[in-house]
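Have a look at my_file-v1.txt; it's compact mmCIF, C-alpha atoms:
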# COMPACT_ATOMS: atom_id res chain seq x y z
CA MET A 1 80.92 119.41 127.32
CA GLU A 2 83.73 118.23 129.56
CA GLN A 3 85.52 120.83 131.61
CA SER A 4 89.26 121.03 132.30
CA ASP A 5 90.25 120.20 135.89
CA GLN A 6 91.80 123.37 137.27
CA SER A 7 93.25 121.42 140.21
CA ALA A 8 95.36 119.28 137.89
CA PRO A 9 99.16 119.73 137.79
CA ASP A 10 100.54 122.40 135.47
CA ILE A 11 99.42 121.46 131.96
CA ASN A 12 102.73 122.47 130.40
CA THR A 13 104.56 120.07 132.72
CA ILE A 14 102.17 117.29 131.74
CA LYS A 15 102.73 117.97 128.05
CA GLN A 16 106.51 118.13 128.42
CA LYS A 17 106.48 114.71 130.08
CA MET A 18 104.19 113.29 127.39
CA ALA A 19 106.40 114.66 124.62
CA ALA A 20 109.51 113.23 126.27
CA THR A 21 107.83 109.83 126.59
CA TRP A 22 106.84 109.67 122.90
CA ALA A 23 110.27 111.00 121.86
CA ASN A 24 112.01 108.15 123.69
CA GLY A 25 112.92 105.47 121.16
CA ASP A 26 111.82 105.67 117.53
CA PHE A 27 108.07 105.59 116.95
CA GLY A 28 108.65 105.48 113.19
CA ALA A 29 109.91 101.91 113.62
CA ILE A 30 106.47 101.01 115.02
CA ALA A 31 104.26 103.29 112.92
CA HIS A 32 104.87 101.43 109.66
CA THR A 33 102.75 98.53 110.99
CA LEU A 34 99.77 100.92 111.08
CA MET A 35 99.88 101.69 107.36
CA PRO A 36 97.08 99.28 106.35
CA ALA A 37 94.69 101.15 108.66
CA ALA A 38 96.08 104.51 107.55
CA GLU A 39 95.42 103.69 103.90
CA ASP A 40 91.85 102.58 104.60
CA PHE A 41 91.23 105.66 106.75
CA VAL A 42 92.52 108.18 104.21
CA ASN A 43 90.72 106.45 101.35
CA SER A 44 87.42 106.67 103.25
CA LEU A 45 87.56 110.47 103.48
CA GLY A 46 87.10 111.47 99.85
CA ILE A 47 90.15 113.74 99.72
CA GLU A 48 90.56 115.33 96.27
CA PRO A 49 93.40 117.21 94.55
CA GLY A 50 93.82 120.69 95.98
CA ASP A 51 92.00 119.99 99.25
CA LYS A 52 93.70 121.51 102.27
CA VAL A 53 94.48 118.76 104.78
CA LEU A 54 95.96 118.92 108.28
CA ASP A 55 97.39 115.79 109.93
CA VAL A 56 97.24 116.42 113.70
CA ALA A 57 99.67 114.55 115.96
CA CYS A 58 101.11 113.28 112.71
CA GLY A 59 103.79 111.01 114.17
CA SER A 60 106.11 109.90 111.39
CA GLY A 61 103.69 111.11 108.70
CA ASN A 62 101.54 108.13 107.71
CA LEU A 63 98.39 110.12 106.98
CA ALA A 64 100.15 113.19 105.64
CA VAL A 65 102.07 111.18 103.04
CA LEU A 66 98.97 109.33 101.89
CA ALA A 67 96.96 112.56 101.59
CA ALA A 68 99.76 114.29 99.68
CA GLN A 69 99.88 111.38 97.25
CA LYS A 70 96.30 112.33 96.38
CA ASP A 71 97.63 115.77 95.36
CA ALA A 72 96.12 117.48 98.38
CA ASP A 73 97.74 120.54 100.00
CA VAL A 74 98.97 118.95 103.24
CA LYS A 75 100.37 120.12 106.54
CA GLY A 76 101.30 118.08 109.59
CA ILE A 77 101.89 118.92 113.23
CA ASP A 78 103.32 116.93 116.13
CA ILE A 79 104.56 117.76 119.62
CA VAL A 80 107.70 115.60 119.22
CA ASN A 81 110.63 117.25 117.42
CA ASP A 82 112.16 113.99 116.20
CA LEU A 83 108.89 112.78 114.69
CA VAL A 84 108.58 116.03 112.75
CA ARG A 85 112.15 115.46 111.52
CA GLN A 86 111.24 111.93 110.43
CA SER A 87 108.12 113.19 108.67
CA LYS A 88 110.10 115.81 106.75
CA GLU A 89 112.64 113.21 105.66
CA ARG A 90 109.91 110.83 104.60
CA ALA A 91 108.18 113.52 102.54
CA ALA A 92 111.49 114.40 100.86
CA GLU A 93 112.18 110.74 100.06
CA ASN A 94 108.76 110.52 98.38
CA ASN A 95 109.15 113.86 96.55
CA LEU A 96 106.16 115.29 98.38
CA ASN A 97 105.72 118.93 99.35
CA ILE A 98 104.34 118.76 102.92
CA GLU A 99 104.82 121.41 105.58
CA PHE A 100 105.51 119.82 108.98
CA THR A 101 105.55 121.86 112.19
CA VAL A 102 106.43 121.12 115.82
CA GLY A 103 103.34 122.09 117.78
CA ASP A 104 100.55 121.24 120.17
CA ALA A 105 97.21 119.68 119.16
CA GLU A 106 95.56 121.82 121.83
CA ASP A 107 97.00 125.10 120.50
CA MET A 108 97.77 124.95 116.79
CA PRO A 109 99.40 127.81 114.83
CA TYR A 110 96.80 127.90 112.07
CA PRO A 111 93.99 130.38 111.26
CA ASP A 112 90.34 129.65 111.92
CA ASN A 113 88.46 127.81 109.16
CA GLU A 114 91.66 126.91 107.28
CA PHE A 115 91.36 123.22 106.28
CA ASP A 116 88.94 121.06 104.33
CA PHE A 117 90.05 118.01 106.33
CA VAL A 118 91.49 117.88 109.84
CA ILE A 119 92.59 114.29 110.42
CA THR A 120 94.33 112.30 113.12
CA MET A 121 95.03 108.60 113.63
CA PHE A 122 95.98 107.25 117.08
CA GLY A 123 97.40 110.71 117.75
CA ALA A 124 95.21 113.53 119.07
CA MET A 125 93.44 111.00 121.28
CA PHE A 126 96.50 111.16 123.56
CA ALA A 127 96.31 114.93 124.12
CA PRO A 128 95.53 115.46 127.83
CA ARG A 129 92.43 117.69 127.55
CA PRO A 130 89.75 116.28 125.20
CA ASP A 131 87.56 119.37 125.45
CA VAL A 132 90.40 121.68 124.40
CA THR A 133 91.51 119.29 121.66
CA THR A 134 87.98 119.06 120.24
CA LYS A 135 87.58 122.84 120.06
CA GLU A 136 90.94 123.17 118.33
CA LEU A 137 90.26 120.45 115.75
CA PHE A 138 87.02 122.16 114.75
CA ARG A 139 88.43 125.69 114.99
CA VAL A 140 90.90 125.12 112.15
CA CYS A 141 88.39 123.21 110.01
CA LYS A 142 86.30 125.02 107.41
CA PRO A 143 82.50 125.08 107.87
CA GLY A 144 81.25 122.01 106.06
CA GLY A 145 84.72 120.46 106.20
CA LYS A 146 85.49 117.20 107.96
CA VAL A 147 87.18 116.43 111.25
CA ALA A 148 88.21 112.77 111.17
CA MET A 149 89.77 110.61 113.87
CA ALA A 150 90.85 106.99 114.15
CA ASN A 151 90.92 106.02 117.83
CA TRP A 152 91.84 102.81 119.59
CA THR A 153 88.81 101.18 121.20
CA GLN A 154 88.35 100.09 124.81
CA ASN A 155 88.39 96.38 124.06
CA ALA A 156 90.54 93.58 122.65
CA PHE A 157 94.22 94.07 121.87
CA ALA A 158 94.63 97.84 122.31
CA GLU A 159 92.83 97.89 125.66
CA ASP A 160 94.85 94.93 126.92
CA PHE A 161 98.12 96.44 125.69
CA PHE A 162 97.63 99.94 127.07
CA GLY A 163 96.00 98.57 130.22
CA THR A 164 99.10 96.48 130.88
CA ILE A 165 101.32 99.53 130.44
CA MET A 166 99.16 101.49 132.87
CA ARG A 167 99.47 98.75 135.53
CA PHE A 168 103.20 99.44 135.68
CA ALA A 169 103.09 103.20 135.09
CA PRO A 170 102.63 105.98 137.64
CA PRO A 171 98.97 107.06 137.96
CA PRO A 172 97.87 109.67 135.42
CA PRO A 173 97.63 113.29 136.58
CA PRO A 174 94.29 114.24 138.18
CA GLY A 175 91.73 115.33 135.62
CA VAL A 176 93.42 113.64 132.64
CA PRO A 177 91.01 111.00 131.25
CA SER A 178 92.01 107.75 129.61
CA PRO A 179 92.87 108.25 125.91
CA ASN A 180 90.86 105.13 125.07
CA GLN A 181 87.64 106.94 125.96
CA TRP A 182 87.99 108.33 122.44
CA GLY A 183 87.14 104.83 121.20
CA ASP A 184 83.64 104.98 122.73
CA LYS A 185 80.85 106.15 120.42
CA GLU A 186 78.80 107.91 123.08
CA THR A 187 81.84 109.78 124.38
CA VAL A 188 82.67 111.04 120.88
CA LYS A 189 79.07 112.12 120.33
CA GLN A 190 79.19 114.12 123.55
CA ARG A 191 82.52 115.75 122.74
CA PHE A 192 81.67 116.60 119.13
CA GLY A 193 77.98 117.35 119.55
CA ASN A 194 78.24 121.13 119.78
CA PHE A 195 80.56 121.41 116.78
CA ALA A 196 79.34 118.91 114.17
CA SER A 197 76.31 118.83 111.91
CA ASP A 198 76.78 115.13 111.20
CA ILE A 199 78.90 112.43 112.85
CA GLN A 200 79.60 109.05 111.26
CA LEU A 201 80.97 106.42 113.65
CA THR A 202 82.25 103.07 112.37
CA PHE A 203 84.11 100.32 114.19
CA LYS A 204 86.92 98.90 112.05
CA SER A 205 89.81 96.49 112.44
CA PHE A 206 93.08 95.62 110.73
CA GLU A 207 95.96 93.20 111.15
CA ILE A 208 99.10 94.48 112.89
CA VAL A 209 101.89 92.28 111.57
CA TYR A 210 105.33 91.72 113.06
CA PRO A 211 107.57 89.18 111.26
CA VAL A 212 108.96 87.92 114.58
CA SER A 213 107.76 86.03 117.66
CA PRO A 214 105.79 87.66 120.53
CA ALA A 215 108.95 87.77 122.66
CA GLU A 216 110.89 89.45 119.86
CA THR A 217 108.00 91.87 119.33
CA THR A 218 108.35 92.87 122.99
CA GLU A 219 112.06 93.49 122.41
CA LYS A 220 111.14 95.81 119.55
CA PHE A 221 108.70 97.74 121.69
CA THR A 222 111.14 98.10 124.60
CA LYS A 223 113.64 99.53 122.13
CA TYR A 224 111.43 101.80 120.00
CA PHE A 225 107.97 102.47 121.50
CA GLY A 226 108.24 105.46 123.84
CA PRO A 227 105.63 104.57 126.49
CA VAL A 228 107.09 101.06 126.87
CA LYS A 229 110.75 102.07 126.56
CA SER A 230 110.42 104.87 129.12
CA LEU A 231 109.03 102.49 131.73
CA HIS A 232 111.41 99.67 130.84
CA ASP A 233 114.50 101.87 131.07
CA ASN A 234 113.63 103.12 134.56
CA MET A 235 112.69 99.85 136.31
CA ASP A 236 114.81 97.77 138.60
CA GLU A 237 115.71 94.36 137.22
CA ALA A 238 112.98 92.37 138.96
CA VAL A 239 110.17 94.69 137.89
CA ARG A 240 111.63 94.92 134.38
CA ARG A 241 111.42 91.14 134.04
CA GLU A 242 107.81 91.19 135.26
CA PHE A 243 106.93 94.01 132.86
CA THR A 244 108.60 92.31 129.90
CA TYR A 245 106.75 89.08 130.67
CA ALA A 246 103.41 90.91 130.94
CA ILE A 247 103.82 92.69 127.60
CA THR A 248 104.87 89.45 125.90
CA GLU A 249 101.79 87.72 127.31
CA VAL A 250 99.60 90.42 125.74
CA PHE A 251 101.16 89.72 122.35
CA LYS A 252 100.72 85.98 122.88
CA ARG A 253 97.07 86.29 123.93
CA HIS A 254 96.14 88.26 120.85
CA ASN A 255 98.38 86.55 118.31
CA ILE A 256 96.24 85.04 115.53
CA SER A 257 99.19 83.67 113.57
CA THR A 258 100.23 80.02 113.54
CA ALA A 259 103.31 80.69 111.41
CA GLY A 260 105.71 81.69 114.18
CA ASN A 261 105.31 85.42 113.65
CA ASN A 262 103.13 87.87 115.60
CA VAL A 263 99.84 89.14 114.14
CA MET A 264 97.28 91.03 116.24
CA VAL A 265 93.91 92.47 115.27
CA GLY A 266 93.73 96.19 116.01
CA ASP A 267 90.21 97.49 116.62
CA TYR A 268 89.53 101.19 116.26
CA LEU A 269 86.68 103.67 115.94
CA GLU A 270 86.60 105.70 112.74
CA VAL A 271 85.04 109.13 113.35
CA ILE A 272 84.09 111.39 110.43
CA ALA A 273 82.34 114.58 111.49
CA ALA A 274 81.15 117.48 109.32
CA LYS A 275 81.70 120.88 110.89
CA ALA A 276 78.48 122.76 111.46
Could I get this structure in the form of structure tokens?
Amino acid sequence: MEQSDQSAPDINTIKQKMAATWANGDFGAIAHTLMPAAEDFVNSLGIEPGDKVLDVACGSGNLAVLAAQKDADVKGIDIVNDLVRQSKERAAENNLNIEFTVGDAEDMPYPDNEFDFVITMFGAMFAPRPDVTTKELFRVCKPGGKVAMANWTQNAFAEDFFGTIMRFAPPPPPGVPSPNQWGDKETVKQRFGNFASDIQLTFKSFEIVYPVSPAETTEKFTKYFGPVKSLHDNMDEAVRREFTYAITEVFKRHNISTAGNNVMVGDYLEVIAAKA
């Protein structure tokens, strides 16, 4: 099991900076493009009416809403206040009774063995300490329940996109591994091995569709997507132009559409683990 790096900067400072980054902009304006994957992910879990479900790092509520529509008893948690607000509004608009809480995936305010399903899509993978996150996901899951993750892989579009961001970003704090390690099967097996009786690992893909050109997609991301907007807003003009060009080139490289819009294939690892 991986160990936390005690020489790393104060973990609370790291988390405050991460929360501020994801709060910058409006992730909900991006998250809707992930709904095809969210629907496939939730449908693969076998959630039934009355099951207790927790959506960890819930963002704007994609998974929570879908689970609640199956008549499950759903809660969601996210470290970003505004995303919790968006999730609550979305639940209200859909007449769904979901309890959303501002909180930390590494230290959740729920009892041990509480949930039948503990689920997260492109969310908990960004928590800074995978070992702590893993223990917490399994702590709140019932014995025999399922911990399920959907994690970006280390290849194709997601790796190119996040790799480009990292080229322009300050180096990560010491001891904080790349989130995309969660997209590697062997890494997941190592992290989950002491907690799970069975682990199912499946590579999947879906189309991420933007009804605009690659350049206009970049404009959307510099306006709404926190990690891109935070960098873009704090660059001098020359570096900002270089950064904008680099992100647009990522969208161009991976665009499979010939209709003038922007369509990328998102590859991810679906993880479904039964708690021992």
*Excluding segment 89-95 of chain A and any residue of its chain fewer than 4 positions from it, enumerate the residues within 12 Å of it, using all atoms listed in the file, and give them as a count of residues only.*
23
*Residues near Gly226 of chain A, cut-off 8 Å, only C-alpha atoms, skip fewer than 5 positions along chain, as a PyMOL selection string*: chain A and resi 21-27
*Selected residue of minimal separation from Val102 of chain A among A:Leu137, A:Ala124, A:Val56, A:Met18, counting all atoms listed in the file*: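 Checking each candidate against Val102 of chain A, we get A:Val56 as the closest.
For the set A:Val80, A:Ala196, A:Ala57, A:Ala72, the residue with the smallest atom-to-atom gap to Lys275 of chain A is A:Ala196, counting all atoms listed in the file.
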Show me, as CSV, the residues of segment 2-116 of chain A having an atom within 9 Å of segment 264-273 of chain A, each with the closest atom pair and its distance in Å, using all atoms listed in the file.
residue,atom,partner,partner_atom,distance
A:Ala37,CA,A:Gly266,CA,8.9
A:Phe41,CA,A:Glu270,CA,7.6
A:Leu45,CA,A:Ile272,CA,7.8
Write the residues you've just listed into a file as a short mmCIF file (atom, residue, chain, number, x, y, z; two decimals), in the coordinates of the input, and include C-alpha atoms for each of them.
data_model
loop_
_atom_site.label_atom_id
_atom_site.label_comp_id
_atom_site.auth_asym_id
_atom_site.auth_seq_id
_atom_site.Cartn_x
_atom_site.Cartn_y
_atom_site.Cartn_z
CA ALA A 37 94.69 101.15 108.66
CA PHE A 41 91.23 105.66 106.75
CA LEU A 45 87.56 110.47 103.48
#
Complete the atoms of segment 111-141 of chain A to N, CA and C atoms and put them out as a compact mmCIF listing (two decimals), keeping the file's coordinate frame.
# COMPACT_ATOMS: atom_id res chain seq x y z
N PRO A 111 95.18 129.51 111.18
CA PRO A 111 93.99 130.38 111.26
C PRO A 111 92.71 129.57 111.44
N ASP A 112 91.67 130.25 111.87
CA ASP A 112 90.34 129.65 111.92
C ASP A 112 89.90 129.28 110.51
N ASN A 113 89.12 128.18 110.42
CA ASN A 113 88.46 127.81 109.16
C ASN A 113 89.45 127.64 108.00
N GLU A 114 90.57 126.98 108.25
CA GLU A 114 91.66 126.91 107.28
C GLU A 114 91.60 125.65 106.41
N PHE A 115 91.16 124.50 106.95
CA PHE A 115 91.36 123.22 106.28
C PHE A 115 90.05 122.55 105.89
N ASP A 116 90.08 121.87 104.75
CA ASP A 116 88.94 121.06 104.33
C ASP A 116 88.84 119.78 105.15
N PHE A 117 89.99 119.23 105.53
CA PHE A 117 90.05 118.01 106.33
C PHE A 117 91.04 118.19 107.47
N VAL A 118 90.61 117.90 108.68
CA VAL A 118 91.49 117.88 109.84
C VAL A 118 91.46 116.45 110.35
N ILE A 119 92.58 115.74 110.22
CA ILE A 119 92.59 114.29 110.42
C ILE A 119 93.64 113.90 111.45
N THR A 120 93.38 112.80 112.12
CA THR A 120 94.33 112.30 113.12
C THR A 120 94.09 110.82 113.37
N MET A 121 95.14 110.05 113.39
CA MET A 121 95.03 108.60 113.63
C MET A 121 95.90 108.21 114.81
N PHE A 122 95.28 107.70 115.87
CA PHE A 122 95.98 107.25 117.08
C PHE A 122 96.94 108.33 117.56
N GLY A 123 96.52 109.59 117.43
CA GLY A 123 97.40 110.71 117.75
C GLY A 123 96.77 111.69 118.72
N ALA A 124 95.82 112.51 118.23
CA ALA A 124 95.21 113.53 119.07
C ALA A 124 94.46 112.93 120.25
N MET A 125 94.11 111.66 120.17
CA MET A 125 93.44 111.00 121.28
C MET A 125 94.30 110.99 122.55
N PHE A 126 95.61 111.17 122.40
CA PHE A 126 96.50 111.16 123.56
C PHE A 126 96.74 112.55 124.15
N ALA A 127 96.21 113.60 123.53
CA ALA A 127 96.31 114.93 124.12
C ALA A 127 95.56 114.93 125.46
N PRO A 128 96.06 115.64 126.47
CA PRO A 128 95.53 115.46 127.83
C PRO A 128 94.16 116.05 128.09
N ARG A 129 93.71 117.04 127.27
CA ARG A 129 92.43 117.69 127.55
C ARG A 129 91.50 117.53 126.34
N PRO A 130 90.61 116.53 126.36
CA PRO A 130 89.75 116.28 125.20
C PRO A 130 88.88 117.46 124.81
N ASP A 131 88.41 118.23 125.79
CA ASP A 131 87.56 119.37 125.45
C ASP A 131 88.33 120.43 124.67
N VAL A 132 89.57 120.70 125.09
CA VAL A 132 90.40 121.68 124.40
C VAL A 132 90.78 121.16 123.02
N THR A 133 91.13 119.90 122.94
CA THR A 133 91.51 119.29 121.66
C THR A 133 90.35 119.36 120.66
N THR A 134 89.16 119.03 121.11
CA THR A 134 87.98 119.06 120.24
C THR A 134 87.77 120.45 119.67
N LYS A 135 87.78 121.46 120.53
CA LYS A 135 87.58 122.84 120.06
C LYS A 135 88.62 123.23 119.02
N GLU A 136 89.85 122.79 119.24
CA GLU A 136 90.94 123.17 118.33
C GLU A 136 90.81 122.45 116.99
N LEU A 137 90.45 121.18 117.00
CA LEU A 137 90.26 120.45 115.75
C LEU A 137 89.20 121.12 114.89
N PHE A 138 88.09 121.52 115.51
CA PHE A 138 87.02 122.16 114.75
C PHE A 138 87.32 123.61 114.42
N ARG A 139 88.09 124.28 115.26
CA ARG A 139 88.43 125.69 114.99
C ARG A 139 89.13 125.85 113.65
N VAL A 140 90.09 124.96 113.37
CA VAL A 140 90.90 125.12 112.15
C VAL A 140 90.24 124.50 110.93
N CYS A 141 89.11 123.84 111.12
CA CYS A 141 88.39 123.21 110.01
C CYS A 141 87.40 124.20 109.40
